[in-house]
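Text of the file query-v7.pdb, holding PDB, C-alpha atoms and all ligand atoms:
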ATOM      1  CA  MET A   1       0.000   0.000   0.000  1.00  0.00           C
ATOM      2  CA  ASP A   2       1.210   3.529  -0.745  1.00  0.00           C
ATOM      3  CA  GLU A   3       2.500   4.872   2.536  1.00  0.00           C
ATOM      4  CA  ALA A   4       2.015   8.458   1.405  1.00  0.00           C
ATOM      5  CA  ALA A   5      -1.721   7.890   1.357  1.00  0.00           C
ATOM      6  CA  HIS A   6      -1.657   6.763   4.983  1.00  0.00           C
ATOM      7  CA  PRO A   7       0.568   9.151   6.825  1.00  0.00           C
ATOM      8  CA  THR A   8      -1.349   8.550  10.053  1.00  0.00           C
ATOM      9  CA  GLY A   9       0.184   5.127  10.591  1.00  0.00           C
ATOM     10  CA  ARG A  10       3.419   6.353  12.178  1.00  0.00           C
ATOM     11  CA  ASP A  11       4.651   8.878  14.681  1.00  0.00           C
ATOM     12  CA  PRO A  12       5.683  12.158  13.117  1.00  0.00           C
ATOM     13  CA  LEU A  13       9.420  12.753  12.886  1.00  0.00           C
ATOM     14  CA  VAL A  14       9.977  15.558  15.409  1.00  0.00           C
ATOM     15  CA  LEU A  15      13.085  17.737  15.029  1.00  0.00           C
ATOM     16  CA  LEU A  16      14.597  20.286  17.383  1.00  0.00           C
ATOM     17  CA  GLY A  17      17.300  22.228  15.605  1.00  0.00           C
ATOM     18  CA  GLY A  18      19.674  24.618  17.301  1.00  0.00           C
ATOM     19  CA  THR A  19      23.210  25.733  17.889  1.00  0.00           C
ATOM     20  CA  PHE A  20      23.397  24.038  21.295  1.00  0.00           C
ATOM     21  CA  ASP A  21      26.332  26.211  22.339  1.00  0.00           C
ATOM     22  CA  PRO A  22      26.095  24.582  24.888  1.00  0.00           C
ATOM     23  CA  VAL A  23      23.044  22.326  25.235  1.00  0.00           C
ATOM     24  CA  HIS A  24      21.211  23.283  28.439  1.00  0.00           C
ATOM     25  CA  ALA A  25      18.164  22.535  30.604  1.00  0.00           C
ATOM     26  CA  GLY A  26      15.941  24.756  28.448  1.00  0.00           C
ATOM     27  CA  HIS A  27      16.647  22.637  25.363  1.00  0.00           C
ATOM     28  CA  LEU A  28      16.180  19.335  27.176  1.00  0.00           C
ATOM     29  CA  GLY A  29      13.014  20.498  28.948  1.00  0.00           C
ATOM     30  CA  LEU A  30      11.635  21.783  25.661  1.00  0.00           C
ATOM     31  CA  ALA A  31      12.316  18.457  23.938  1.00  0.00           C
ATOM     32  CA  ASP A  32      10.700  16.494  26.786  1.00  0.00           C
ATOM     33  CA  ASP A  33       7.624  18.750  26.876  1.00  0.00           C
ATOM     34  CA  VAL A  34       7.150  18.562  23.122  1.00  0.00           C
ATOM     35  CA  ARG A  35       7.578  14.803  23.160  1.00  0.00           C
ATOM     36  CA  SER A  36       4.784  14.343  25.656  1.00  0.00           C
ATOM     37  CA  ALA A  37       2.526  17.054  24.187  1.00  0.00           C
ATOM     38  CA  LEU A  38       2.711  15.464  20.736  1.00  0.00           C
ATOM     39  CA  GLY A  39       2.604  11.912  22.090  1.00  0.00           C
ATOM     40  CA  VAL A  40       5.682  10.755  20.172  1.00  0.00           C
ATOM     41  CA  SER A  41       8.369   8.368  21.351  1.00  0.00           C
ATOM     42  CA  GLU A  42      11.341  10.387  20.092  1.00  0.00           C
ATOM     43  CA  VAL A  43      12.532  13.942  19.530  1.00  0.00           C
ATOM     44  CA  ARG A  44      15.628  14.315  17.362  1.00  0.00           C
ATOM     45  CA  LEU A  45      18.090  17.059  18.187  1.00  0.00           C
ATOM     46  CA  VAL A  46      19.698  18.508  15.064  1.00  0.00           C
ATOM     47  CA  PRO A  47      22.746  20.678  15.796  1.00  0.00           C
ATOM     48  CA  ALA A  48      23.747  23.232  13.170  1.00  0.00           C
ATOM     49  CA  ARG A  49      27.418  23.185  12.151  1.00  0.00           C
ATOM     50  CA  ASP A  50      27.382  26.655  10.635  1.00  0.00           C
ATOM     51  CA  PRO A  51      24.212  28.421  11.800  1.00  0.00           C
ATOM     52  CA  PRO A  52      23.015  31.335   9.677  1.00  0.00           C
ATOM     53  CA  HIS A  53      21.584  34.516  11.318  1.00  0.00           C
ATOM     54  CA  ARG A  54      24.005  34.648  14.204  1.00  0.00           C
ATOM     55  CA  PRO A  55      27.645  35.180  15.095  1.00  0.00           C
ATOM     56  CA  PRO A  56      29.873  32.089  14.910  1.00  0.00           C
ATOM     57  CA  PRO A  57      29.353  29.738  17.877  1.00  0.00           C
ATOM     58  CA  GLY A  58      31.647  29.961  20.922  1.00  0.00           C
ATOM     59  CA  ALA A  59      32.510  26.256  20.741  1.00  0.00           C
ATOM     60  CA  THR A  60      33.474  24.281  17.655  1.00  0.00           C
ATOM     61  CA  ALA A  61      31.043  21.909  15.991  1.00  0.00           C
ATOM     62  CA  VAL A  62      33.032  18.971  17.367  1.00  0.00           C
ATOM     63  CA  HIS A  63      32.694  20.231  20.950  1.00  0.00           C
ATOM     64  CA  ARG A  64      29.006  21.091  20.592  1.00  0.00           C
ATOM     65  CA  LEU A  65      28.276  17.656  19.179  1.00  0.00           C
ATOM     66  CA  ALA A  66      30.252  15.949  21.957  1.00  0.00           C
ATOM     67  CA  MET A  67      28.308  17.900  24.600  1.00  0.00           C
ATOM     68  CA  LEU A  68      25.009  16.927  23.021  1.00  0.00           C
ATOM     69  CA  ARG A  69      25.986  13.268  23.051  1.00  0.00           C
ATOM     70  CA  LEU A  70      26.816  13.526  26.743  1.00  0.00           C
ATOM     71  CA  ALA A  71      23.599  15.404  27.545  1.00  0.00           C
ATOM     72  CA  ILE A  72      21.267  12.859  25.971  1.00  0.00           C
ATOM     73  CA  GLU A  73      23.088   9.756  27.167  1.00  0.00           C
ATOM     74  CA  GLY A  74      20.618   7.699  29.145  1.00  0.00           C
ATOM     75  CA  ARG A  75      17.742  10.119  28.515  1.00  0.00           C
ATOM     76  CA  ARG A  76      14.738   8.368  27.122  1.00  0.00           C
ATOM     77  CA  GLY A  77      13.237   9.693  23.927  1.00  0.00           C
ATOM     78  CA  LEU A  78      16.007  12.072  22.834  1.00  0.00           C
ATOM     79  CA  THR A  79      18.194  11.207  19.876  1.00  0.00           C
ATOM     80  CA  LEU A  80      20.798  13.007  17.838  1.00  0.00           C
ATOM     81  CA  ASP A  81      20.875  13.656  14.110  1.00  0.00           C
ATOM     82  CA  ASP A  82      24.278  14.926  13.005  1.00  0.00           C
ATOM     83  CA  ARG A  83      23.487  15.456   9.295  1.00  0.00           C
ATOM     84  CA  GLU A  84      24.065  19.228   9.476  1.00  0.00           C
ATOM     85  CA  MET A  85      27.424  18.572  11.096  1.00  0.00           C
ATOM     86  CA  ARG A  86      28.443  16.431   8.138  1.00  0.00           C
ATOM     87  CA  ARG A  87      27.141  18.807   5.474  1.00  0.00           C
ATOM     88  CA  ARG A  88      29.410  21.518   4.060  1.00  0.00           C
ATOM     89  CA  GLY A  89      28.299  25.129   3.825  1.00  0.00           C
ATOM     90  CA  ARG A  90      25.707  26.974   5.860  1.00  0.00           C
ATOM     91  CA  SER A  91      23.308  24.810   7.879  1.00  0.00           C
ATOM     92  CA  TYR A  92      20.007  25.740   6.331  1.00  0.00           C
ATOM     93  CA  THR A  93      16.957  24.082   7.856  1.00  0.00           C
ATOM     94  CA  VAL A  94      15.223  23.920   4.494  1.00  0.00           C
ATOM     95  CA  ASP A  95      18.042  21.700   3.151  1.00  0.00           C
ATOM     96  CA  THR A  96      17.747  19.374   6.144  1.00  0.00           C
ATOM     97  CA  LEU A  97      13.994  19.073   5.704  1.00  0.00           C
ATOM     98  CA  LYS A  98      14.438  18.352   1.984  1.00  0.00           C
ATOM     99  CA  GLU A  99      16.902  15.559   2.732  1.00  0.00           C
ATOM    100  CA  LEU A 100      14.543  14.000   5.250  1.00  0.00           C
ATOM    101  CA  ARG A 101      11.526  14.398   2.976  1.00  0.00           C
ATOM    102  CA  ASP A 102      13.381  12.768   0.075  1.00  0.00           C
ATOM    103  CA  ARG A 103      14.192   9.771   2.267  1.00  0.00           C
ATOM    104  CA  ASP A 104      10.624   9.290   3.467  1.00  0.00           C
ATOM    105  CA  ARG A 105       7.835  10.892   1.485  1.00  0.00           C
ATOM    106  CA  GLY A 106       5.026   9.495   3.622  1.00  0.00           C
ATOM    107  CA  ARG A 107       5.949  10.555   7.119  1.00  0.00           C
ATOM    108  CA  SER A 108       4.854  13.716   8.878  1.00  0.00           C
ATOM    109  CA  ILE A 109       7.751  15.932   9.892  1.00  0.00           C
ATOM    110  CA  VAL A 110       7.453  18.448  12.718  1.00  0.00           C
ATOM    111  CA  LEU A 111       9.991  21.212  13.213  1.00  0.00           C
ATOM    112  CA  VAL A 112      10.013  22.518  16.792  1.00  0.00           C
ATOM    113  CA  LEU A 113      10.669  26.223  17.274  1.00  0.00           C
ATOM    114  CA  GLY A 114      10.712  28.308  20.409  1.00  0.00           C
ATOM    115  CA  ALA A 115       8.341  31.282  20.203  1.00  0.00           C
ATOM    116  CA  ASP A 116      11.260  33.652  19.528  1.00  0.00           C
ATOM    117  CA  ALA A 117      12.628  31.474  16.772  1.00  0.00           C
ATOM    118  CA  PHE A 118       9.144  31.309  15.204  1.00  0.00           C
ATOM    119  CA  ARG A 119       8.835  35.102  15.147  1.00  0.00           C
ATOM    120  CA  GLY A 120      12.174  35.244  13.305  1.00  0.00           C
ATOM    121  CA  LEU A 121      11.159  32.653  10.715  1.00  0.00           C
ATOM    122  CA  PRO A 122      10.652  35.144   7.828  1.00  0.00           C
ATOM    123  CA  THR A 123      14.379  35.939   7.959  1.00  0.00           C
ATOM    124  CA  TRP A 124      15.314  32.302   7.299  1.00  0.00           C
ATOM    125  CA  TYR A 125      16.670  31.109   3.980  1.00  0.00           C
ATOM    126  CA  ARG A 126      13.759  30.013   1.729  1.00  0.00           C
ATOM    127  CA  TRP A 127      11.528  30.064   4.756  1.00  0.00           C
ATOM    128  CA  SER A 128       8.272  29.802   2.830  1.00  0.00           C
ATOM    129  CA  GLU A 129       9.264  26.302   1.642  1.00  0.00           C
ATOM    130  CA  ILE A 130       9.518  25.066   5.206  1.00  0.00           C
ATOM    131  CA  LEU A 131       5.771  24.570   5.667  1.00  0.00           C
ATOM    132  CA  GLU A 132       5.626  22.651   2.384  1.00  0.00           C
ATOM    133  CA  LEU A 133       8.096  20.163   3.839  1.00  0.00           C
ATOM    134  CA  ALA A 134       7.085  20.031   7.498  1.00  0.00           C
ATOM    135  CA  HIS A 135       4.716  21.169  10.186  1.00  0.00           C
ATOM    136  CA  ILE A 136       5.929  23.646  12.770  1.00  0.00           C
ATOM    137  CA  ALA A 137       5.352  23.186  16.502  1.00  0.00           C
ATOM    138  CA  VAL A 138       5.711  26.536  18.252  1.00  0.00           C
ATOM    139  CA  ALA A 139       6.687  26.062  21.870  1.00  0.00           C
ATOM    140  CA  ALA A 140       5.442  28.893  24.057  1.00  0.00           C
ATOM    141  CA  ARG A 141       5.277  29.533  27.758  1.00  0.00           C
ATOM    142  CA  PRO A 142       1.751  29.265  29.129  1.00  0.00           C
ATOM    143  CA  GLY A 143       0.103  32.665  28.736  1.00  0.00           C
ATOM    144  CA  ASP A 144       2.821  33.984  26.398  1.00  0.00           C
ATOM    145  CA  PRO A 145       0.940  36.294  24.002  1.00  0.00           C
ATOM    146  CA  PHE A 146       3.571  35.604  21.350  1.00  0.00           C
ATOM    147  CA  ASP A 147       1.050  35.692  18.515  1.00  0.00           C
ATOM    148  CA  SER A 148      -0.061  39.252  19.294  1.00  0.00           C
ATOM    149  CA  ALA A 149       2.946  40.802  17.538  1.00  0.00           C
ATOM    150  CA  LEU A 150       3.803  38.451  14.707  1.00  0.00           C
ATOM    151  CA  PRO A 151       5.752  39.887  11.786  1.00  0.00           C
ATOM    152  CA  GLU A 152       3.532  40.659   8.828  1.00  0.00           C
ATOM    153  CA  PRO A 153       4.536  37.669   6.641  1.00  0.00           C
ATOM    154  CA  LEU A 154       3.437  35.283   9.405  1.00  0.00           C
ATOM    155  CA  VAL A 155       0.028  36.798  10.157  1.00  0.00           C
ATOM    156  CA  ALA A 156      -1.978  35.102   7.407  1.00  0.00           C
ATOM    157  CA  LEU A 157      -0.086  31.824   7.778  1.00  0.00           C
ATOM    158  CA  TRP A 158      -0.784  31.804  11.469  1.00  0.00           C
ATOM    159  CA  GLU A 159      -4.503  32.438  10.932  1.00  0.00           C
ATOM    160  CA  ASN A 160      -4.871  29.782   8.252  1.00  0.00           C
ATOM    161  CA  ARG A 161      -2.587  27.045   9.517  1.00  0.00           C
ATOM    162  CA  ARG A 162      -2.733  27.175  13.284  1.00  0.00           C
ATOM    163  CA  THR A 163      -4.008  24.304  15.378  1.00  0.00           C
ATOM    164  CA  SER A 164      -3.768  23.192  18.965  1.00  0.00           C
ATOM    165  CA  ASP A 165      -4.660  19.591  18.179  1.00  0.00           C
ATOM    166  CA  PRO A 166      -1.584  17.364  17.710  1.00  0.00           C
ATOM    167  CA  ARG A 167      -3.715  14.931  15.699  1.00  0.00           C
ATOM    168  CA  ASP A 168      -3.664  17.460  12.862  1.00  0.00           C
ATOM    169  CA  LEU A 169       0.079  16.776  12.601  1.00  0.00           C
ATOM    170  CA  VAL A 170      -0.522  13.178  11.627  1.00  0.00           C
ATOM    171  CA  ALA A 171      -3.561  13.814   9.443  1.00  0.00           C
ATOM    172  CA  ALA A 172      -1.269  15.638   6.975  1.00  0.00           C
ATOM    173  CA  ARG A 173       2.478  15.401   6.378  1.00  0.00           C
ATOM    174  CA  ALA A 174       3.216  19.128   6.489  1.00  0.00           C
ATOM    175  CA  GLY A 175       1.711  22.589   6.541  1.00  0.00           C
ATOM    176  CA  ARG A 176       0.168  23.118   9.995  1.00  0.00           C
ATOM    177  CA  ILE A 177       1.419  25.292  12.838  1.00  0.00           C
ATOM    178  CA  CYS A 178       0.733  23.706  16.201  1.00  0.00           C
ATOM    179  CA  ILE A 179       1.072  25.585  19.445  1.00  0.00           C
ATOM    180  CA  VAL A 180       2.581  23.564  22.275  1.00  0.00           C
ATOM    181  CA  SER A 181       2.599  24.785  25.842  1.00  0.00           C
ATOM    182  CA  ILE A 182       5.909  24.289  27.659  1.00  0.00           C
ATOM    183  CA  THR A 183       7.210  24.645  31.204  1.00  0.00           C
ATOM    184  CA  PRO A 184       9.292  27.827  31.269  1.00  0.00           C
ATOM    185  CA  HIS A 185      13.038  27.484  31.844  1.00  0.00           C
ATOM    186  CA  ASP A 186      14.643  30.872  32.186  1.00  0.00           C
ATOM    187  CA  VAL A 187      17.926  29.940  30.560  1.00  0.00           C
ATOM    188  CA  SER A 188      19.768  30.693  27.344  1.00  0.00           C
ATOM    189  CA  ALA A 189      23.063  29.480  25.963  1.00  0.00           C
ATOM    190  CA  SER A 190      24.300  33.063  25.579  1.00  0.00           C
ATOM    191  CA  ALA A 191      23.700  33.766  29.293  1.00  0.00           C
ATOM    192  CA  ILE A 192      25.521  30.547  30.198  1.00  0.00           C
ATOM    193  CA  ARG A 193      28.509  31.431  27.995  1.00  0.00           C
ATOM    194  CA  ALA A 194      28.668  34.916  29.491  1.00  0.00           C
ATOM    195  CA  ALA A 195      28.503  33.583  33.069  1.00  0.00           C
ATOM    196  CA  ILE A 196      31.260  31.045  32.418  1.00  0.00           C
ATOM    197  CA  ALA A 197      33.425  33.771  30.893  1.00  0.00           C
ATOM    198  CA  ARG A 198      32.944  35.975  33.970  1.00  0.00           C
ATOM    199  CA  GLY A 199      34.041  33.098  36.197  1.00  0.00           C
ATOM    200  CA  GLY A 200      33.762  32.891  39.987  1.00  0.00           C
ATOM    201  CA  PRO A 201      30.309  32.622  41.599  1.00  0.00           C
ATOM    202  CA  GLU A 202      28.540  33.561  38.359  1.00  0.00           C
ATOM    203  CA  ARG A 203      30.119  30.611  36.623  1.00  0.00           C
ATOM    204  CA  GLU A 204      29.137  28.337  39.508  1.00  0.00           C
ATOM    205  CA  ALA A 205      25.544  29.637  39.418  1.00  0.00           C
ATOM    206  CA  VAL A 206      24.890  28.223  35.945  1.00  0.00           C
ATOM    207  CA  ARG A 207      26.172  24.775  36.785  1.00  0.00           C
ATOM    208  CA  PRO A 208      22.673  23.382  37.610  1.00  0.00           C
ATOM    209  CA  LEU A 209      21.485  24.415  34.145  1.00  0.00           C
ATOM    210  CA  LEU A 210      23.823  21.930  32.487  1.00  0.00           C
ATOM    211  CA  ALA A 211      24.004  18.140  32.602  1.00  0.00           C
ATOM    212  CA  PRO A 212      26.879  17.152  34.947  1.00  0.00           C
ATOM    213  CA  ALA A 213      28.789  15.473  32.116  1.00  0.00           C
ATOM    214  CA  VAL A 214      28.430  18.622  29.992  1.00  0.00           C
ATOM    215  CA  TRP A 215      29.702  20.774  32.841  1.00  0.00           C
ATOM    216  CA  ASP A 216      32.729  18.487  33.237  1.00  0.00           C
ATOM    217  CA  TYR A 217      33.361  18.593  29.485  1.00  0.00           C
ATOM    218  CA  ILE A 218      33.283  22.400  29.449  1.00  0.00           C
ATOM    219  CA  ALA A 219      35.730  22.500  32.348  1.00  0.00           C
ATOM    220  CA  ALA A 220      38.059  19.883  30.862  1.00  0.00           C
ATOM    221  CA  HIS A 221      38.249  21.690  27.519  1.00  0.00           C
ATOM    222  CA  ARG A 222      38.178  25.197  29.018  1.00  0.00           C
ATOM    223  CA  LEU A 223      35.285  26.173  26.789  1.00  0.00           C
ATOM    224  CA  TYR A 224      33.768  29.670  26.938  1.00  0.00           C
ATOM    225  CA  ALA A 225      36.489  30.963  29.256  1.00  0.00           C
ATOM    226  CA  ALA A 226      37.326  34.651  28.867  1.00  0.00           C
TER
HETATM  227  P1  LIG B 301      21.599  31.540  22.340  1.00  0.00           P
HETATM  228  O1  LIG B 301      21.319  32.124  23.701  1.00  0.00           O
HETATM  229  O2  LIG B 301      23.051  31.347  22.061  1.00  0.00           O
HETATM  230  O3  LIG B 301      20.870  32.277  21.243  1.00  0.00           O
HETATM  231  P2  LIG B 301      19.680  29.382  22.839  1.00  0.00           P
HETATM  232  O4  LIG B 301      19.812  29.054  24.280  1.00  0.00           O
HETATM  233  O5  LIG B 301      18.484  30.194  22.419  1.00  0.00           O
HETATM  234  O6  LIG B 301      21.040  30.047  22.324  1.00  0.00           O
HETATM  235  P3  LIG B 301      19.589  27.640  20.497  1.00  0.00           P
HETATM  236  O7  LIG B 301      20.510  26.504  20.265  1.00  0.00           O
HETATM  237  O8  LIG B 301      19.742  28.829  19.648  1.00  0.00           O
HETATM  238  O9  LIG B 301      19.738  28.015  22.076  1.00  0.00           O
HETATM  239  O10 LIG B 301      18.069  27.189  20.528  1.00  0.00           O
HETATM  240  C1  LIG B 301      17.559  26.051  19.866  1.00  0.00           C
HETATM  241  C2  LIG B 301      16.052  26.029  20.050  1.00  0.00           C
HETATM  242  O11 LIG B 301      15.739  25.906  21.442  1.00  0.00           O
HETATM  243  C3  LIG B 301      15.326  27.302  19.571  1.00  0.00           C
HETATM  244  O12 LIG B 301      14.104  26.924  18.927  1.00  0.00           O
HETATM  245  C4  LIG B 301      15.059  28.057  20.844  1.00  0.00           C
HETATM  246  O13 LIG B 301      13.896  28.884  20.752  1.00  0.00           O
HETATM  247  C5  LIG B 301      14.841  26.933  21.848  1.00  0.00           C
HETATM  248  N1  LIG B 301      15.193  27.303  23.213  1.00  0.00           N
HETATM  249  C6  LIG B 301      16.400  27.722  23.660  1.00  0.00           C
HETATM  250  N2  LIG B 301      16.362  27.976  24.984  1.00  0.00           N
HETATM  251  C7  LIG B 301      15.089  27.703  25.387  1.00  0.00           C
HETATM  252  C8  LIG B 301      14.408  27.775  26.663  1.00  0.00           C
HETATM  253  N3  LIG B 301      15.010  28.187  27.776  1.00  0.00           N
HETATM  254  N4  LIG B 301      13.099  27.405  26.701  1.00  0.00           N
HETATM  255  C9  LIG B 301      12.477  27.001  25.553  1.00  0.00           C
HETATM  256  N5  LIG B 301      13.048  26.923  24.349  1.00  0.00           N
HETATM  257  C10 LIG B 301      14.337  27.268  24.256  1.00  0.00           C
END
I need this file expressed as structure tokens, please.
Amino acid sequence: MDEAAHPTGRDPLVLLGGTFDPVHAGHLGLADDVRSALGVSEVRLVPARDPPHRPPPGATAVHRLAMLRLAIEGRRGLTLDDREMRRRGRSYTVDTLKELRDRDRGRSIVLVLGADAFRGLPTWYRWSEILELAHIAVAARPGDPFDSALPEPLVALWENRRTSDPRDLVAARAGRICIVSITPHDVSASAIRAAIARGGPEREAVRPLLAPAVWDYIAAHRLYAA
């Protein structure tokens, strides 16, 4: 039977892309929350080797990948997809989605974006193709009025494609925008890098935001030091 005609038979492929410089509790909490909200068994973390739209990462791709491996070790339901690490050139999400779509035309794909990342979507390379290849799950804090000030190119899309029912993400392979409520974690990789660079008590204060093995790795390789 043609699988493409029956996309509902399998879990969607759920992807969380990012720079993970370094991976922290906000990323892991987000992945866990999305996994349970969408009722899937796995969320794939997809680190970008050369992320567009931002200054070069503080740690090399090799270090960021190693930290991700350590962070997900023994954590149920989180896996790693290193295809952007192996690809040359800028790490464009649209290229990653195309690769995955070419490999499996029948499966739903869901790209997870934090609310901030979603608002910035119209600046992404060939962004309008993204919803042809995948759904988007926008992860927002409960009560976050993030849709009140969407950039103009997203307004109509949001009105026409939004859903809060995860079943819509299996009924079609791509094209919907699903809002997922997440537990807030007030943490960002940039704040962690800055605190480590300052050293002393500020460095120590961010320790609980990182997996112990990631903290040890950062210390052993003197990452993010001033
Ligand atoms: P930086 O501070 O360097 O910009 P970051 O902490 O935002 O980094 P990224 O690797 O850029 O981390 O983020 C990957 C994805 O994770 C994005 O979709 C982003 O919105 C989301 N994300 C990052 N931190 C959090 C958090 N604390 N809570 C929820 N989502 C988050």
Nearest to ligand LIG 301 (chain B), chosen from A:Gly120, A:Pro145, A:Pro153, A:Pro184, with all atoms listed in the file counted in the distances: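 The answer is A:Pro184, which sits nearest to ligand LIG 301 (chain B).
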Decode the PyMOL selection byres (((chain A and resi 175) around 7) and not hetatm) for the given file into explicit residues and return them as a PDB file with C-alpha atoms, in the frame of the given file.
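Heads up, here's the output in out30.pdb:
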ATOM      1  CA  LEU A 131       5.771  24.570   5.667  1.00  0.00           C
ATOM      2  CA  GLU A 132       5.626  22.651   2.384  1.00  0.00           C
ATOM      3  CA  ALA A 134       7.085  20.031   7.498  1.00  0.00           C
ATOM      4  CA  HIS A 135       4.716  21.169  10.186  1.00  0.00           C
ATOM      5  CA  ARG A 161      -2.587  27.045   9.517  1.00  0.00           C
ATOM      6  CA  ALA A 174       3.216  19.128   6.489  1.00  0.00           C
ATOM      7  CA  ARG A 176       0.168  23.118   9.995  1.00  0.00           C
ATOM      8  CA  ILE A 177       1.419  25.292  12.838  1.00  0.00           C
TER       9      ILE A 177
END
Gly26 of chain A surroundings by all atoms listed in the file, 8 Å radius, close-in-sequence under 3 positions cut, as a ChimeraX atom specification: /A:29-30,184-188,209
Excluding Arg76 of chain A and residues on its chain fewer than 4 positions from it, collect all residues at most 9 Å away from it, counting all atoms listed in the file, and give them as a JSON list (two decimals) with C-alpha atoms, keeping the file's coordinate frame.
[["chain", "number", "residue", "atom", "x", "y", "z"],
["A", 41, "SER", "CA", 8.37, 8.37, 21.35],
["A", 42, "GLU", "CA", 11.34, 10.39, 20.09],
["A", 72, "ILE", "CA", 21.27, 12.86, 25.97]]
Distance query Ser190 of chain A at most 12 Å, only C-alpha atoms, self and fewer than 4 positions along chain excluded, as a list of chain:residue names: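 Listing them by chain and then by number gives A:Thr19, A:Phe20, A:Asp21, A:Pro22, A:Val23, A:His24, A:Arg54, A:Pro55, A:Pro57, A:Gly58, A:Ala59, A:Asp186, A:Ala194, A:Ala195, A:Ile196, A:Ala197, A:Val206, A:Tyr224.
Note that atom CA of Asn160 of chain A and atom CA of Glu129 of chain A are 16.0 Å apart.
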Using all atoms listed in the file, which of A:Pro12, A:Pro151, A:Pro47, A:Gly114 sits nearest ligand LIG 301 (chain B)? A:Gly114
Starting from the shown file, work through the PyMOL selection byres (((chain A and resi 16) around 6) and not hetatm) and note down what comes out as a CSV table (one decimal) with C-alpha atoms, in the coordinates of the input.
chain,number,residue,atom,x,y,z
A,15,LEU,CA,13.1,17.7,15.0
A,17,GLY,CA,17.3,22.2,15.6
A,45,LEU,CA,18.1,17.1,18.2
A,46,VAL,CA,19.7,18.5,15.1
A,112,VAL,CA,10.0,22.5,16.8
Just the number, please: distance in Å from atom O7 of ligand LIG 301 (chain B) to atom CA of Leu68 of chain A, one decimal.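 Between these atoms lies a distance of 10.9 Å.
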How would you write as number ranges by chain the residues that get within 12 Å of (14.2, 33.0, 19.0) in the file's frame, counting all atoms listed in the file? A: 17-19, 53-54, 112-124, 138-140, 146, 188-189
Nearest residue to ligand LIG 301 (chain B) out of A:Glu159, A:Asp216, A:Asp144, A:Asp165, using all atoms listed in the file?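 The answer is A:Asp144, which sits nearest to ligand LIG 301 (chain B).
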How many Å lie between atom CA of Thr79 of chain A and atom CA of His63 of chain A, rounded to one decimal?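 Atom-to-atom, atom CA of Thr79 of chain A to atom CA of His63 of chain A, that is 17.1 Å.
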Option closest in space to ligand LIG 301 (chain B), from A:Gly77, A:Pro51, A:Pro212, A:Gly199 [counting only C-alpha atoms and all ligand atoms]: A:Pro51
Selection near Ala61 of chain A, 8 Å with only C-alpha atoms, sequence-local residues under 2 positions removed, as a ChimeraX atom specification: /A:48-49,59,63-65,85
